[in-house]
Amino acid sequence: MNVATSSDDIGDKTPHVNFSLEGKSALVTGAARGIGQAICAALAAAGADVMGLDICAVAAPNLTYPSATEGQLEQTGKLVEGAKRHWIPVKADIRDAKAMRAAVERAVKEFGKLDIIVANAGIQAYGPLANTSEEDWNNVIDINVKGTANTVRAALPHMLSRKYGRIVIISSGQGRHGFKNGSAYSTSKWGLIGLMKSVAWEVGKDGITVNCVEPGLVDTPLTRNTGRWRELIHTAGKEAPENPTEQEAIAASAPSSVMGIPWMQPDEVAPAVVFLCTDAANRVSGACLDAVAGESAKWTG
Ligand SMILES: NC(=O)c1ccc[n+]([C@@H]2O[C@H](COP(=O)([O-])OP(=O)(O)OC[C@H]3O[C@@H](n4cnc5c(N)ncnc54)[C@H](O)[C@@H]3O)[C@@H](O)[C@H]2O)c1
């Protein structure tokens, strides 16, 4: 880094616009499908080797959408290997701190080091707080908050020892505003922003950046279901049928969307994650990057 010598010196005159991740290695949780799969593919396309970790099983009872499978995790591996990058699949539960430490140790051993952590795994459940059972509440908080903290904590000793690291936590637009009938999820995603800002402060002098990406509504198995479509129609201020169709969800939500779309695709979130993992983003930490198709234009701050 060149130090500015006068008030009209901008520092280094060679712009740092190399967004390559060549030579880097990453661990991504929730890698079997959806946003996690797109992040793995994008990191590999940018040059990184990738360990993709997923539970590949029922993460919690009472979820209204199907579980990810080992076959889906294999598909992620094909995308990473298609980009000619080293791929390591791991079946583990982010709630298991010991398993997360073992995954990091294996990544360090096989990749030689671990530069990037993307804590993406999460679940979503709905229901007014008054009707939310303690079990459902605990499952959302346990996976989304404790599991994410486990993921970050497992990687920190290695990153601190190298004085280098890029940590990206996947929060949500629903961590930036209230979510009617989704208090446990919204609480967990707001909580992740607090986690991110606290850890960013703790490790800021150690060459480690910590940031959040908040996806908007993204078309994945987590959202491609009648339960989520019903909430979408409610949010648009309309009466929702018990089992709305995709077309009814689109008709209700697209007109009020800033970009006029009902939802985004996973590959439209992944580039925001890649940017935060680059050396070019070395002075971006403690920040929220909303990849929400413009919906943040409606929020304060
Ligand atoms: N889809 C959206 O609209 C949206 C919007 C904002 C934020 N998000 C967040 O993005 C992340 C990815 O969501 P998605 O839409 O791709 O969902 P998804 O359900 O398609 O994928 C989530 C993955 O995480 C895995 N997972 C869940 N619990 C786990 C655990 N305990 N241990 C290990 N793996 C586990 C699942 O098996 C699954 O493969 C989540 O944190 C979600 O909250 C999603």
# chains A, B, ... in the order shown; residues from 1 in each chain; ligands from 1
>>> select_by_dssp(residues="region 46-116 of chain A", states="strand (DSSP E or B)", output="ChimeraX atom specification")
/A:49-54,87-91,116
>>> write_last_selection(atoms="N, CA and C atoms", output="PDB file, in the first residue's frame")
ATOM      1  N   ASP A  49     -10.616 -22.315  -4.653  1.00  0.00           N
ATOM      2  CA  ASP A  49     -10.965 -23.687  -4.309  1.00  0.00           C
ATOM      3  C   ASP A  49     -12.068 -23.625  -3.256  1.00  0.00           C
ATOM      4  N   VAL A  50     -12.954 -24.633  -3.242  1.00  0.00           N
ATOM      5  CA  VAL A  50     -14.133 -24.529  -2.382  1.00  0.00           C
ATOM      6  C   VAL A  50     -14.398 -25.815  -1.610  1.00  0.00           C
ATOM      7  N   MET A  51     -14.588 -25.686  -0.295  1.00  0.00           N
ATOM      8  CA  MET A  51     -15.183 -26.745   0.516  1.00  0.00           C
ATOM      9  C   MET A  51     -16.654 -26.375   0.691  1.00  0.00           C
ATOM     10  N   GLY A  52     -17.544 -27.268   0.283  1.00  0.00           N
ATOM     11  CA  GLY A  52     -18.977 -27.015   0.420  1.00  0.00           C
ATOM     12  C   GLY A  52     -19.548 -27.918   1.499  1.00  0.00           C
ATOM     13  N   LEU A  53     -20.119 -27.301   2.521  1.00  0.00           N
ATOM     14  CA  LEU A  53     -20.624 -28.063   3.676  1.00  0.00           C
ATOM     15  C   LEU A  53     -22.140 -27.940   3.730  1.00  0.00           C
ATOM     16  N   ASP A  54     -22.803 -29.057   3.982  1.00  0.00           N
ATOM     17  CA  ASP A  54     -24.264 -29.028   4.079  1.00  0.00           C
ATOM     18  C   ASP A  54     -24.729 -30.184   4.958  1.00  0.00           C
ATOM     19  N   TRP A  87     -12.458 -29.224  -5.141  1.00  0.00           N
ATOM     20  CA  TRP A  87     -13.756 -29.274  -4.435  1.00  0.00           C
ATOM     21  C   TRP A  87     -13.684 -30.291  -3.306  1.00  0.00           C
ATOM     22  N   ILE A  88     -14.135 -29.895  -2.119  1.00  0.00           N
ATOM     23  CA  ILE A  88     -14.242 -30.844  -0.996  1.00  0.00           C
ATOM     24  C   ILE A  88     -15.673 -30.764  -0.444  1.00  0.00           C
ATOM     25  N   PRO A  89     -16.452 -31.851  -0.577  1.00  0.00           N
ATOM     26  CA  PRO A  89     -17.797 -31.855   0.014  1.00  0.00           C
ATOM     27  C   PRO A  89     -17.735 -32.349   1.468  1.00  0.00           C
ATOM     28  N   VAL A  90     -18.510 -31.747   2.328  1.00  0.00           N
ATOM     29  CA  VAL A  90     -18.573 -32.187   3.731  1.00  0.00           C
ATOM     30  C   VAL A  90     -20.032 -32.213   4.153  1.00  0.00           C
ATOM     31  N   LYS A  91     -20.443 -33.354   4.736  1.00  0.00           N
ATOM     32  CA  LYS A  91     -21.801 -33.446   5.287  1.00  0.00           C
ATOM     33  C   LYS A  91     -21.705 -33.175   6.780  1.00  0.00           C
ATOM     34  N   ILE A 116     -11.341 -17.778   3.114  1.00  0.00           N
ATOM     35  CA  ILE A 116     -12.709 -17.231   3.014  1.00  0.00           C
ATOM     36  C   ILE A 116     -13.699 -18.155   3.710  1.00  0.00           C
TER      37      ILE A 116
END
>>> residues_near_ligand(ligand="ligand 1", cutoff="7 Å", atoms="only C-alpha atoms and all ligand atoms", output="PyMOL selection string")
chain A and resi 29-36+53-57+59+67-68+92-95+120-124+143-144+147+170-174+214-223
>>> select_by_dssp(residues="region 131-205 of chain A", states="alpha helix (DSSP H)", output="PyMOL selection string")
chain A and resi 134-141+148-162+183-203
>>> residues_around(residues="Val199 (chain A)", least_positions_apart="4", cutoff="7 Å", atoms="only C-alpha atoms", output="list in words")
Leu195, Val203 and Val210 of chain A
>>> write_last_selection(atoms="N, CA and C atoms", output="mmCIF file, in the first residue's frame")
data_model
loop_
_atom_site.group_PDB
_atom_site.id
_atom_site.type_symbol
_atom_site.label_atom_id
_atom_site.label_comp_id
_atom_site.auth_asym_id
_atom_site.auth_seq_id
_atom_site.Cartn_x
_atom_site.Cartn_y
_atom_site.Cartn_z
ATOM 1 N N LEU A 195 -23.838 -9.870 15.248
ATOM 2 C CA LEU A 195 -22.671 -10.766 15.312
ATOM 3 C C LEU A 195 -21.576 -10.249 14.378
ATOM 4 N N VAL A 203 -11.694 -8.205 15.178
ATOM 5 C CA VAL A 203 -10.585 -8.707 14.351
ATOM 6 C C VAL A 203 -10.110 -7.699 13.309
ATOM 7 N N VAL A 210 -15.133 -8.702 8.067
ATOM 8 C CA VAL A 210 -16.375 -9.442 8.354
ATOM 9 C C VAL A 210 -17.543 -8.582 7.884
#
>>> atom_distance(atom1="CA of Lys180 (chain A)", atom2="CA of Ser253 (chain A)")
15.3 Å
>>> residues_around(residues="Ser188 (chain A)", least_positions_apart="2", cutoff="6 Å", atoms="only C-alpha atoms", output="list of chain:residue names")
A:Ile141, A:Asn144, A:Val145, A:Tyr185, A:Ser186, A:Trp190, A:Gly191
>>> write_last_selection(atoms="C-alpha atoms", output="compact mmCIF listing (two decimals), in the first residue's frame")
# COMPACT_ATOMS: atom_id res chain seq x y z
CA ILE A 141 -32.32 -19.44 16.43
CA ASN A 144 -29.34 -19.40 12.00
CA VAL A 145 -27.56 -17.74 14.94
CA TYR A 185 -36.44 -15.67 11.30
CA SER A 186 -36.28 -11.88 11.41
CA TRP A 190 -31.02 -9.08 12.73
CA GLY A 191 -28.91 -11.02 15.23
>>> residues_around(residues="region 101-115 of chain A", least_positions_apart="3", cutoff="7 Å", atoms="only C-alpha atoms", output="list in words")
Lys24, Ser25, Ala26, Met51, Ala97, Lys98, Ala154, Ala155, Tyr164, Gly165 and Arg166 of chain A
>>> closest_residue(among="A:Met196, A:Gln265, A:Arg85, A:Trp299", to="Gly178 (chain A)", atoms="only C-alpha atoms")
A:Trp299
>>> residues_around(residues="region 230-240 of chain A", least_positions_apart="5", cutoff="9 Å", atoms="only C-alpha atoms", output="VMD selection string")
chain A and resid 126 179 to 181 225 248 to 253 256
>>> write_last_selection(atoms="N, CA and C atoms", output="PDB file, in the first residue's frame")
ATOM      1  N   TYR A 126     -42.402 -19.903   9.491  1.00  0.00           N
ATOM      2  CA  TYR A 126     -43.380 -18.814   9.583  1.00  0.00           C
ATOM      3  C   TYR A 126     -44.355 -19.045  10.716  1.00  0.00           C
ATOM      4  N   PHE A 179     -40.709  -8.581   9.811  1.00  0.00           N
ATOM      5  CA  PHE A 179     -41.284  -9.600   8.909  1.00  0.00           C
ATOM      6  C   PHE A 179     -42.522 -10.140   9.597  1.00  0.00           C
ATOM      7  N   LYS A 180     -43.681  -9.651   9.160  1.00  0.00           N
ATOM      8  CA  LYS A 180     -44.934 -10.099   9.770  1.00  0.00           C
ATOM      9  C   LYS A 180     -45.052 -11.617   9.629  1.00  0.00           C
ATOM     10  N   ASN A 181     -45.361 -12.292  10.705  1.00  0.00           N
ATOM     11  CA  ASN A 181     -45.464 -13.759  10.734  1.00  0.00           C
ATOM     12  C   ASN A 181     -44.118 -14.450  10.508  1.00  0.00           C
ATOM     13  N   ASN A 225     -42.490 -22.263  -2.361  1.00  0.00           N
ATOM     14  CA  ASN A 225     -43.511 -23.103  -1.728  1.00  0.00           C
ATOM     15  C   ASN A 225     -44.708 -22.230  -1.374  1.00  0.00           C
ATOM     16  N   GLU A 248     -50.231 -16.378  -8.882  1.00  0.00           N
ATOM     17  CA  GLU A 248     -50.905 -15.465  -7.944  1.00  0.00           C
ATOM     18  C   GLU A 248     -49.868 -14.695  -7.112  1.00  0.00           C
ATOM     19  N   ALA A 249     -48.787 -15.375  -6.733  1.00  0.00           N
ATOM     20  CA  ALA A 249     -47.737 -14.712  -5.944  1.00  0.00           C
ATOM     21  C   ALA A 249     -47.058 -13.624  -6.773  1.00  0.00           C
ATOM     22  N   ILE A 250     -46.775 -13.943  -8.033  1.00  0.00           N
ATOM     23  CA  ILE A 250     -46.121 -12.954  -8.908  1.00  0.00           C
ATOM     24  C   ILE A 250     -47.036 -11.752  -9.110  1.00  0.00           C
ATOM     25  N   ALA A 251     -48.320 -12.024  -9.390  1.00  0.00           N
ATOM     26  CA  ALA A 251     -49.258 -10.933  -9.672  1.00  0.00           C
ATOM     27  C   ALA A 251     -49.389 -10.004  -8.471  1.00  0.00           C
ATOM     28  N   ALA A 252     -49.328 -10.582  -7.260  1.00  0.00           N
ATOM     29  CA  ALA A 252     -49.496  -9.757  -6.056  1.00  0.00           C
ATOM     30  C   ALA A 252     -48.247  -8.948  -5.745  1.00  0.00           C
ATOM     31  N   SER A 253     -47.066  -9.517  -5.977  1.00  0.00           N
ATOM     32  CA  SER A 253     -45.858  -8.873  -5.452  1.00  0.00           C
ATOM     33  C   SER A 253     -45.094  -8.035  -6.466  1.00  0.00           C
ATOM     34  N   SER A 256     -45.357  -3.959  -6.783  1.00  0.00           N
ATOM     35  CA  SER A 256     -44.826  -3.063  -5.743  1.00  0.00           C
ATOM     36  C   SER A 256     -43.312  -3.196  -5.577  1.00  0.00           C
TER      37      SER A 256
END
>>> closest_residue(among="A:Asn131, A:Asn150, A:Ser20, A:Thr14", to="Leu276 (chain A)", atoms="only C-alpha atoms")
A:Ser20
>>> atom_distance(atom1="CA of Ala99 (chain A)", atom2="CA of Arg162 (chain A)")
21.9 Å
>>> closest_residue(among="A:Lys13, A:Arg283, A:Lys189, A:Arg228", to="Cys212 (chain A)", atoms="only C-alpha atoms")
A:Lys189
>>> closest_residue(among="A:Ala119, A:Gly23, A:Asp142, A:Thr5", to="His86 (chain A)", atoms="only C-alpha atoms")
A:Gly23
>>> residues_around(residues="Val274 (chain A)", least_positions_apart="4", cutoff="12 Å", atoms="only C-alpha atoms", output="NGL selection string")
:A and (18-22 or 24 or 26 or 28 or 38-48 or 116-118 or 166-168 or 211-213 or 267-270 or 278-281 or 289)
